[in-house]
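Reviewing the structure listed below.
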Amino acid sequence: MIANADGSNPRVITSPFSGGAQNAYSPSWSPDGLRIAFECNLLAICVVDTTGAQLVRLTADSGYDLQPAWSPDGAKIAFTTERDRNGEIYVMNADGTGLVNLTNNRAYDEWAVWSPDGSKIAFDSDRDGNFEVYVMNADGTAVQRLARDPTGDEAPSWSPDGSTIAFMTHRDGQWEVYTMSAADGSGLVNISKSPGFDGWPAWWR
């Protein structure tokens, strides 16, 4: 379902059991605002236009394909997949062709997000024993661990200028939102400081 920014004019664009897109989750807008990538059928990535008229299933695998994320130029979609019996980050062209495995690790890699200039991808992984935030080049090279805490850091989100990454962390005994330098993980700042649950940060653009 989509709506105007003020909540008016809500409308369904993926009707249940139409076009093979039942069970729609994790929507992600294309940069041009004309298409939405999402999880469909609990195991695939689909794309639909904002009218709901053109729906295309991009992936077809026995493993779960999750959490689609558009590249800033709209040419590619990164996503998490369990097709290799663990979580991996894959990337494909926006039409579903050119599938490439960016991470190849026995641990669980997930939650891919592109840097604003499209040169890097941040993600979280438990490859070092617990979930932490990592960054790599858009081709999967030069993997770098940014966050380091034994309680777990997850769900990275790039600032619009690319200098900062926000993420959720349990380092203070509850889930809160921190920011850090996207270059090296330095400059940690707790920006939520709430007694409740804070998570899944997103920047206003």
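Within each chain, counting starts at residue 1; across the structure tokens, chains are named A, B, ... in the order shown, with ligands numbered 1 upward in that order.
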
Proximity check segment 18-88 of chain A to segment 133-142 of chain A, 12 Å, nearest pairs one decimal Å, only C-alpha atoms, as a Markdown table:
```
| residue | atom | partner | partner_atom | distance |
| --- | --- | --- | --- | --- |
| A:Ser71 | CA | A:Ala138 | CA | 9.4 |
| A:Pro72 | CA | A:Ala138 | CA | 11.5 |
| A:Lys76 | CA | A:Ala138 | CA | 10.5 |
| A:Ile77 | CA | A:Ala138 | CA | 11.2 |
| A:Ala78 | CA | A:Ala138 | CA | 9.5 |
| A:Glu88 | CA | A:Gly140 | CA | 11.1 |
```

Practice task
Please provide the set of residues having any atom within 10 Å of Phe197 of chain A, restricted to only C-alpha atoms, with same-chain residues fewer than 2 positions apart removed, written as number ranges by chain.
Solution key: A: 168, 170, 174-177, 192-195, 199

Skip Ser30 of chain A itself and residues of its chain fewer than 6 positions away, then list as a PDB file with N, CA and C atoms, in the first residue's frame all residues within 9 Å of it, counting only C-alpha atoms.
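Below is the file around.pdb, written as the result:
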```pdb
ATOM      1  N   ILE A  36       8.725   0.037  -6.877  1.00  0.00           N
ATOM      2  CA  ILE A  36       8.953  -0.429  -5.515  1.00  0.00           C
ATOM      3  C   ILE A  36       9.405  -1.881  -5.575  1.00  0.00           C
ATOM      4  N   ALA A  37      10.548  -2.168  -4.983  1.00  0.00           N
ATOM      5  CA  ALA A  37      11.005  -3.551  -4.819  1.00  0.00           C
ATOM      6  C   ALA A  37      10.528  -4.033  -3.455  1.00  0.00           C
ATOM      7  N   ALA A  69      17.300  -3.545  -1.697  1.00  0.00           N
ATOM      8  CA  ALA A  69      17.768  -2.163  -1.558  1.00  0.00           C
ATOM      9  C   ALA A  69      18.277  -1.677  -2.909  1.00  0.00           C
ATOM     10  N   TRP A  70      17.717  -0.588  -3.416  1.00  0.00           N
ATOM     11  CA  TRP A  70      18.117  -0.034  -4.709  1.00  0.00           C
ATOM     12  C   TRP A  70      19.461   0.686  -4.604  1.00  0.00           C
ATOM     13  N   SER A  71      20.258   0.581  -5.644  1.00  0.00           N
ATOM     14  CA  SER A  71      21.444   1.427  -5.749  1.00  0.00           C
ATOM     15  C   SER A  71      20.990   2.857  -6.040  1.00  0.00           C
ATOM     16  N   PRO A  72      21.794   3.852  -5.694  1.00  0.00           N
ATOM     17  CA  PRO A  72      21.378   5.244  -5.884  1.00  0.00           C
ATOM     18  C   PRO A  72      21.030   5.613  -7.329  1.00  0.00           C
ATOM     19  N   ASP A  73      21.646   4.943  -8.293  1.00  0.00           N
ATOM     20  CA  ASP A  73      21.330   5.245  -9.693  1.00  0.00           C
ATOM     21  C   ASP A  73      20.170   4.417 -10.231  1.00  0.00           C
ATOM     22  N   GLY A  74      19.614   3.536  -9.401  1.00  0.00           N
ATOM     23  CA  GLY A  74      18.476   2.728  -9.822  1.00  0.00           C
ATOM     24  C   GLY A  74      18.811   1.580 -10.739  1.00  0.00           C
TER      25      GLY A  74
END
```

Exercise for the section: Looking only at strand (DSSP E or B) from DSSP on the backbone, list the matching residues of segment 10-197 of chain A as JSON, numbers by chain. Expected result: {"A": [11, 25, 26, 27, 28, 29, 35, 36, 37, 38, 39, 40, 44, 45, 46, 47, 48, 49, 55, 56, 57, 65, 66, 67, 68, 69, 70, 76, 77, 78, 79, 80, 81, 88, 89, 90, 91, 92, 93, 100, 101, 109, 110, 111, 112, 113, 114, 120, 121, 122, 123, 124, 125, 132, 133, 134, 135, 136, 137, 144, 145, 153, 154, 155, 156, 157, 158, 164, 165, 166, 167, 168, 169, 176, 177, 178, 179, 180, 181, 189, 190]}

Exercise for the section: With a distance cut-off of 10 Å and only C-alpha atoms, select the neighbouring residues of Thr151 of chain A, excluding the residue or stretch itself and same-chain residues fewer than 6 positions from it, and output the selection as JSON, numbers by chain. Expected result: {"A": [130, 131, 132, 169, 170, 171, 172, 173, 174, 175]}

What lies within 12 Å of Ser186 of chain A using only C-alpha atoms, ignoring chain neighbours under 2 positions off, as a PDB file with all heavy atoms, in the first residue's frame?
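Once written, out.pdb looks like this:
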```
ATOM      1  N   ARG A 145      35.145  -4.002   9.141  1.00  0.00           N
ATOM      2  CA  ARG A 145      34.255  -3.988  10.300  1.00  0.00           C
ATOM      3  C   ARG A 145      34.296  -2.606  10.936  1.00  0.00           C
ATOM      4  O   ARG A 145      35.354  -2.099  11.278  1.00  0.00           O
ATOM      5  CB  ARG A 145      34.693  -5.058  11.300  1.00  0.00           C
ATOM      6  CG  ARG A 145      33.859  -5.102  12.571  1.00  0.00           C
ATOM      7  CD  ARG A 145      34.320  -6.248  13.461  1.00  0.00           C
ATOM      8  NE  ARG A 145      33.690  -6.204  14.776  1.00  0.00           N
ATOM      9  CZ  ARG A 145      33.907  -7.108  15.738  1.00  0.00           C
ATOM     10  NH1 ARG A 145      34.741  -8.111  15.512  1.00  0.00           N
ATOM     11  NH2 ARG A 145      33.298  -7.002  16.898  1.00  0.00           N
ATOM     12  N   LEU A 146      33.119  -1.982  11.120  1.00  0.00           N
ATOM     13  CA  LEU A 146      33.053  -0.653  11.702  1.00  0.00           C
ATOM     14  C   LEU A 146      32.677  -0.664  13.177  1.00  0.00           C
ATOM     15  O   LEU A 146      33.287   0.033  13.976  1.00  0.00           O
ATOM     16  CB  LEU A 146      32.036   0.221  10.940  1.00  0.00           C
ATOM     17  CG  LEU A 146      32.350   0.557   9.485  1.00  0.00           C
ATOM     18  CD1 LEU A 146      31.283   1.499   8.944  1.00  0.00           C
ATOM     19  CD2 LEU A 146      33.732   1.179   9.352  1.00  0.00           C
ATOM     20  N   ALA A 147      31.638  -1.404  13.531  1.00  0.00           N
ATOM     21  CA  ALA A 147      31.160  -1.419  14.917  1.00  0.00           C
ATOM     22  C   ALA A 147      31.756  -2.607  15.652  1.00  0.00           C
ATOM     23  O   ALA A 147      31.903  -3.695  15.092  1.00  0.00           O
ATOM     24  CB  ALA A 147      29.639  -1.497  14.950  1.00  0.00           C
ATOM     25  N   ARG A 148      32.075  -2.404  16.929  1.00  0.00           N
ATOM     26  CA  ARG A 148      32.707  -3.458  17.724  1.00  0.00           C
ATOM     27  C   ARG A 148      32.142  -3.457  19.131  1.00  0.00           C
ATOM     28  O   ARG A 148      32.545  -2.651  19.977  1.00  0.00           O
ATOM     29  CB  ARG A 148      34.228  -3.250  17.776  1.00  0.00           C
ATOM     30  CG  ARG A 148      34.910  -3.373  16.431  1.00  0.00           C
ATOM     31  CD  ARG A 148      36.409  -3.087  16.534  1.00  0.00           C
ATOM     32  NE  ARG A 148      37.056  -3.213  15.245  1.00  0.00           N
ATOM     33  CZ  ARG A 148      37.532  -4.332  14.723  1.00  0.00           C
ATOM     34  NH1 ARG A 148      37.429  -5.464  15.405  1.00  0.00           N
ATOM     35  NH2 ARG A 148      38.113  -4.348  13.543  1.00  0.00           N
ATOM     36  N   SER A 163      28.777  10.557   5.171  1.00  0.00           N
ATOM     37  CA  SER A 163      29.845  10.628   6.168  1.00  0.00           C
ATOM     38  C   SER A 163      29.556   9.827   7.431  1.00  0.00           C
ATOM     39  O   SER A 163      30.482   9.504   8.178  1.00  0.00           O
ATOM     40  CB  SER A 163      30.082  12.093   6.556  1.00  0.00           C
ATOM     41  OG  SER A 163      28.960  12.615   7.261  1.00  0.00           O
ATOM     42  N   THR A 164      28.291   9.500   7.666  1.00  0.00           N
ATOM     43  CA  THR A 164      27.870   8.918   8.938  1.00  0.00           C
ATOM     44  C   THR A 164      26.951   7.731   8.711  1.00  0.00           C
ATOM     45  O   THR A 164      26.196   7.697   7.742  1.00  0.00           O
ATOM     46  CB  THR A 164      27.136   9.977   9.793  1.00  0.00           C
ATOM     47  OG1 THR A 164      27.978  11.119   9.944  1.00  0.00           O
ATOM     48  CG2 THR A 164      26.762   9.445  11.158  1.00  0.00           C
ATOM     49  N   ILE A 165      27.037   6.752   9.605  1.00  0.00           N
ATOM     50  CA  ILE A 165      26.121   5.612   9.577  1.00  0.00           C
ATOM     51  C   ILE A 165      25.403   5.548  10.918  1.00  0.00           C
ATOM     52  O   ILE A 165      26.039   5.568  11.974  1.00  0.00           O
ATOM     53  CB  ILE A 165      26.871   4.295   9.308  1.00  0.00           C
ATOM     54  CG1 ILE A 165      27.383   4.265   7.861  1.00  0.00           C
ATOM     55  CG2 ILE A 165      25.966   3.087   9.577  1.00  0.00           C
ATOM     56  CD1 ILE A 165      28.184   3.033   7.516  1.00  0.00           C
ATOM     57  N   TYR A 178      22.590   4.612  17.600  1.00  0.00           N
ATOM     58  CA  TYR A 178      23.870   5.322  17.643  1.00  0.00           C
ATOM     59  C   TYR A 178      24.231   5.786  16.232  1.00  0.00           C
ATOM     60  O   TYR A 178      23.712   5.265  15.236  1.00  0.00           O
ATOM     61  CB  TYR A 178      24.980   4.393  18.124  1.00  0.00           C
ATOM     62  CG  TYR A 178      25.184   4.316  19.619  1.00  0.00           C
ATOM     63  CD1 TYR A 178      24.165   3.894  20.467  1.00  0.00           C
ATOM     64  CD2 TYR A 178      26.413   4.639  20.192  1.00  0.00           C
ATOM     65  CE1 TYR A 178      24.367   3.801  21.842  1.00  0.00           C
ATOM     66  CE2 TYR A 178      26.624   4.555  21.564  1.00  0.00           C
ATOM     67  CZ  TYR A 178      25.597   4.137  22.384  1.00  0.00           C
ATOM     68  OH  TYR A 178      25.804   4.053  23.737  1.00  0.00           O
ATOM     69  N   THR A 179      25.140   6.728  16.158  1.00  0.00           N
ATOM     70  CA  THR A 179      25.770   7.089  14.894  1.00  0.00           C
ATOM     71  C   THR A 179      27.284   6.916  15.038  1.00  0.00           C
ATOM     72  O   THR A 179      27.820   6.935  16.150  1.00  0.00           O
ATOM     73  CB  THR A 179      25.474   8.541  14.486  1.00  0.00           C
ATOM     74  OG1 THR A 179      25.931   9.440  15.499  1.00  0.00           O
ATOM     75  CG2 THR A 179      23.982   8.736  14.244  1.00  0.00           C
ATOM     76  N   MET A 180      27.939   6.759  13.887  1.00  0.00           N
ATOM     77  CA  MET A 180      29.403   6.634  13.874  1.00  0.00           C
ATOM     78  C   MET A 180      29.915   7.091  12.519  1.00  0.00           C
ATOM     79  O   MET A 180      29.149   7.220  11.551  1.00  0.00           O
ATOM     80  CB  MET A 180      29.825   5.178  14.124  1.00  0.00           C
ATOM     81  CG  MET A 180      29.358   4.207  13.073  1.00  0.00           C
ATOM     82  SD  MET A 180      29.861   2.494  13.455  1.00  0.00           S
ATOM     83  CE  MET A 180      28.913   1.581  12.221  1.00  0.00           C
ATOM     84  N   SER A 181      31.201   7.314  12.443  1.00  0.00           N
ATOM     85  CA  SER A 181      31.831   7.675  11.175  1.00  0.00           C
ATOM     86  C   SER A 181      31.736   6.513  10.193  1.00  0.00           C
ATOM     87  O   SER A 181      32.041   5.372  10.545  1.00  0.00           O
ATOM     88  CB  SER A 181      33.297   8.037  11.403  1.00  0.00           C
ATOM     89  OG  SER A 181      34.005   8.089  10.180  1.00  0.00           O
ATOM     90  N   ALA A 182      31.321   6.807   8.969  1.00  0.00           N
ATOM     91  CA  ALA A 182      31.241   5.763   7.948  1.00  0.00           C
ATOM     92  C   ALA A 182      32.617   5.348   7.462  1.00  0.00           C
ATOM     93  O   ALA A 182      32.770   4.294   6.842  1.00  0.00           O
ATOM     94  CB  ALA A 182      30.400   6.249   6.763  1.00  0.00           C
ATOM     95  N   ALA A 183      33.632   6.166   7.750  1.00  0.00           N
ATOM     96  CA  ALA A 183      34.983   5.854   7.282  1.00  0.00           C
ATOM     97  C   ALA A 183      35.659   4.791   8.125  1.00  0.00           C
ATOM     98  O   ALA A 183      36.301   3.879   7.597  1.00  0.00           O
ATOM     99  CB  ALA A 183      35.834   7.127   7.260  1.00  0.00           C
ATOM    100  N   ASP A 184      35.502   4.886   9.460  1.00  0.00           N
ATOM    101  CA  ASP A 184      36.257   3.961  10.316  1.00  0.00           C
ATOM    102  C   ASP A 184      35.518   3.542  11.585  1.00  0.00           C
ATOM    103  O   ASP A 184      36.089   2.860  12.435  1.00  0.00           O
ATOM    104  CB  ASP A 184      37.598   4.580  10.691  1.00  0.00           C
ATOM    105  CG  ASP A 184      37.455   5.923  11.411  1.00  0.00           C
ATOM    106  OD1 ASP A 184      36.329   6.287  11.813  1.00  0.00           O
ATOM    107  OD2 ASP A 184      38.478   6.608  11.559  1.00  0.00           O
ATOM    108  N   LEU A 188      31.500   7.509  18.041  1.00  0.00           N
ATOM    109  CA  LEU A 188      30.212   6.945  18.428  1.00  0.00           C
ATOM    110  C   LEU A 188      29.393   7.945  19.238  1.00  0.00           C
ATOM    111  O   LEU A 188      29.892   8.556  20.188  1.00  0.00           O
ATOM    112  CB  LEU A 188      30.413   5.675  19.254  1.00  0.00           C
ATOM    113  CG  LEU A 188      30.800   4.405  18.492  1.00  0.00           C
ATOM    114  CD1 LEU A 188      31.219   3.325  19.485  1.00  0.00           C
ATOM    115  CD2 LEU A 188      29.633   3.922  17.643  1.00  0.00           C
ATOM    116  N   VAL A 189      28.118   8.098  18.879  1.00  0.00           N
ATOM    117  CA  VAL A 189      27.208   8.989  19.598  1.00  0.00           C
ATOM    118  C   VAL A 189      25.867   8.286  19.779  1.00  0.00           C
ATOM    119  O   VAL A 189      25.292   7.765  18.811  1.00  0.00           O
ATOM    120  CB  VAL A 189      26.984  10.315  18.836  1.00  0.00           C
ATOM    121  CG1 VAL A 189      25.987  11.200  19.599  1.00  0.00           C
ATOM    122  CG2 VAL A 189      28.298  11.048  18.617  1.00  0.00           C
TER     123      VAL A 189
END
```

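Proximity to Arg127 of chain A was assessed for A:Ala94, A:Val143, A:Ala44, A:Ala112 counting only C-alpha atoms; the smallest distance is recorded for A:Val143.
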
Practice task
For atom CA of Tyr25 of chain A and atom CA of Gly87 of chain A, quote the distance in Å rounded to one decimal.
Solution key: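 These atoms are spaced 17.8 Å apart.
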
Problem - Proximity to Asn23 of chain A - best of A:Asp153, A:Glu39, A:Asp65, A:Asp84, only C-alpha atoms - result: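 Answer, going by the shortest atom-to-atom distance: A:Glu39.
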
Please provide the set of residues having any atom within 8 Å of Thr103 of chain A, restricted to only C-alpha atoms, with same-chain residues fewer than 2 positions apart removed, written as a compact mmCIF listing (two decimals) with N, CA and C atoms, in the first residue's frame.
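Below is the file part-v5.txt, written as the result:
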```
# COMPACT_ATOMS: atom_id res chain seq x y z
N GLU A 88 23.57 -14.32 2.84
CA GLU A 88 24.59 -13.71 1.99
C GLU A 88 24.00 -12.44 1.36
N ILE A 89 24.86 -11.51 0.97
CA ILE A 89 24.44 -10.33 0.23
C ILE A 89 24.70 -10.57 -1.25
N TYR A 90 23.64 -10.49 -2.04
CA TYR A 90 23.74 -10.59 -3.49
C TYR A 90 23.35 -9.25 -4.10
N ASN A 101 27.09 -12.82 -6.16
CA ASN A 101 27.24 -12.99 -4.71
C ASN A 101 28.37 -12.08 -4.24
N ASN A 105 30.54 -16.12 3.01
CA ASN A 105 30.99 -16.36 4.37
C ASN A 105 30.03 -17.33 5.03
N ASP A 109 25.10 -12.85 6.77
CA ASP A 109 25.25 -11.46 6.32
C ASP A 109 23.89 -10.96 5.85
N GLY A 140 31.95 -5.99 -3.52
CA GLY A 140 32.17 -7.01 -2.50
C GLY A 140 33.58 -7.07 -1.95
```

Practice task
In Å, rounded to a single decimal, give me how far atom CA of Asp117 of chain A is from atom CA of Arg35 of chain A.
Solution key: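 It comes out at 20.0 Å.
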
Between segment 76-119 of chain A and segment 48-62 of chain A, at 12 Å or less, what are the per-residue closest atom pairs and their distances in Å? Count only C-alpha atoms, order by chain and rising residue number, and return it as JSON lines.
```
{"residue": "A:Lys76", "atom": "CA", "partner": "A:Leu58", "partner_atom": "CA", "distance": 11.7}
{"residue": "A:Ile77", "atom": "CA", "partner": "A:Leu58", "partner_atom": "CA", "distance": 10.1}
{"residue": "A:Ala78", "atom": "CA", "partner": "A:Thr59", "partner_atom": "CA", "distance": 11.9}
{"residue": "A:Phe79", "atom": "CA", "partner": "A:Thr59", "partner_atom": "CA", "distance": 10.5}
{"residue": "A:Thr80", "atom": "CA", "partner": "A:Thr59", "partner_atom": "CA", "distance": 11.7}
{"residue": "A:Thr81", "atom": "CA", "partner": "A:Asp61", "partner_atom": "CA", "distance": 9.3}
{"residue": "A:Glu82", "atom": "CA", "partner": "A:Ser62", "partner_atom": "CA", "distance": 8.7}
{"residue": "A:Arg83", "atom": "CA", "partner": "A:Ser62", "partner_atom": "CA", "distance": 6.6}
{"residue": "A:Asp84", "atom": "CA", "partner": "A:Ser62", "partner_atom": "CA", "distance": 9.8}
{"residue": "A:Arg85", "atom": "CA", "partner": "A:Ser62", "partner_atom": "CA", "distance": 10.1}
{"residue": "A:Tyr90", "atom": "CA", "partner": "A:Thr59", "partner_atom": "CA", "distance": 11.2}
{"residue": "A:Val91", "atom": "CA", "partner": "A:Thr59", "partner_atom": "CA", "distance": 11.1}
{"residue": "A:Met92", "atom": "CA", "partner": "A:Leu58", "partner_atom": "CA", "distance": 9.1}
{"residue": "A:Asn93", "atom": "CA", "partner": "A:Leu58", "partner_atom": "CA", "distance": 9.4}
{"residue": "A:Ala94", "atom": "CA", "partner": "A:Leu58", "partner_atom": "CA", "distance": 8.3}
{"residue": "A:Asp95", "atom": "CA", "partner": "A:Leu58", "partner_atom": "CA", "distance": 6.6}
{"residue": "A:Gly96", "atom": "CA", "partner": "A:Leu58", "partner_atom": "CA", "distance": 4.6}
{"residue": "A:Thr97", "atom": "CA", "partner": "A:Leu58", "partner_atom": "CA", "distance": 8.1}
{"residue": "A:Gly98", "atom": "CA", "partner": "A:Leu58", "partner_atom": "CA", "distance": 11.1}
{"residue": "A:Leu99", "atom": "CA", "partner": "A:Thr59", "partner_atom": "CA", "distance": 9.4}
```

Output of the above residues as a PDB file, in the first residue's frame, restricted to C-alpha atoms:
```
ATOM      1  CA  LYS A  76      20.952  -2.455  -9.327  1.00  0.00           C
ATOM      2  CA  ILE A  77      19.231  -4.059  -6.347  1.00  0.00           C
ATOM      3  CA  ALA A  78      21.135  -5.568  -3.436  1.00  0.00           C
ATOM      4  CA  PHE A  79      19.369  -8.076  -1.203  1.00  0.00           C
ATOM      5  CA  THR A  80      19.835 -10.704   1.483  1.00  0.00           C
ATOM      6  CA  THR A  81      19.417 -14.325   0.435  1.00  0.00           C
ATOM      7  CA  GLU A  82      19.427 -17.675   2.202  1.00  0.00           C
ATOM      8  CA  ARG A  83      19.893 -19.681  -1.001  1.00  0.00           C
ATOM      9  CA  ASP A  84      23.358 -20.754   0.177  1.00  0.00           C
ATOM     10  CA  ARG A  85      21.937 -22.078   3.489  1.00  0.00           C
ATOM     11  CA  TYR A  90      23.739 -10.594  -3.491  1.00  0.00           C
ATOM     12  CA  VAL A  91      23.308  -7.883  -6.095  1.00  0.00           C
ATOM     13  CA  MET A  92      21.504  -7.980  -9.440  1.00  0.00           C
ATOM     14  CA  ASN A  93      20.522  -5.629 -12.211  1.00  0.00           C
ATOM     15  CA  ALA A  94      17.157  -3.931 -11.739  1.00  0.00           C
ATOM     16  CA  ASP A  95      15.618  -6.387 -14.234  1.00  0.00           C
ATOM     17  CA  GLY A  96      16.852  -9.440 -12.283  1.00  0.00           C
ATOM     18  CA  THR A  97      19.786 -10.283 -14.559  1.00  0.00           C
ATOM     19  CA  GLY A  98      23.472 -10.292 -13.667  1.00  0.00           C
ATOM     20  CA  LEU A  99      23.165 -11.955 -10.262  1.00  0.00           C
TER      21      LEU A  99
END
```

Exercise for the section: Quote the spacing between atom CA of Gln144 of chain A and atom CA of Ala122 of chain A in Å to one decimal place. Expected result: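 About the pair atom CA of Gln144 of chain A and atom CA of Ala122 of chain A: they are 9.3 Å apart.
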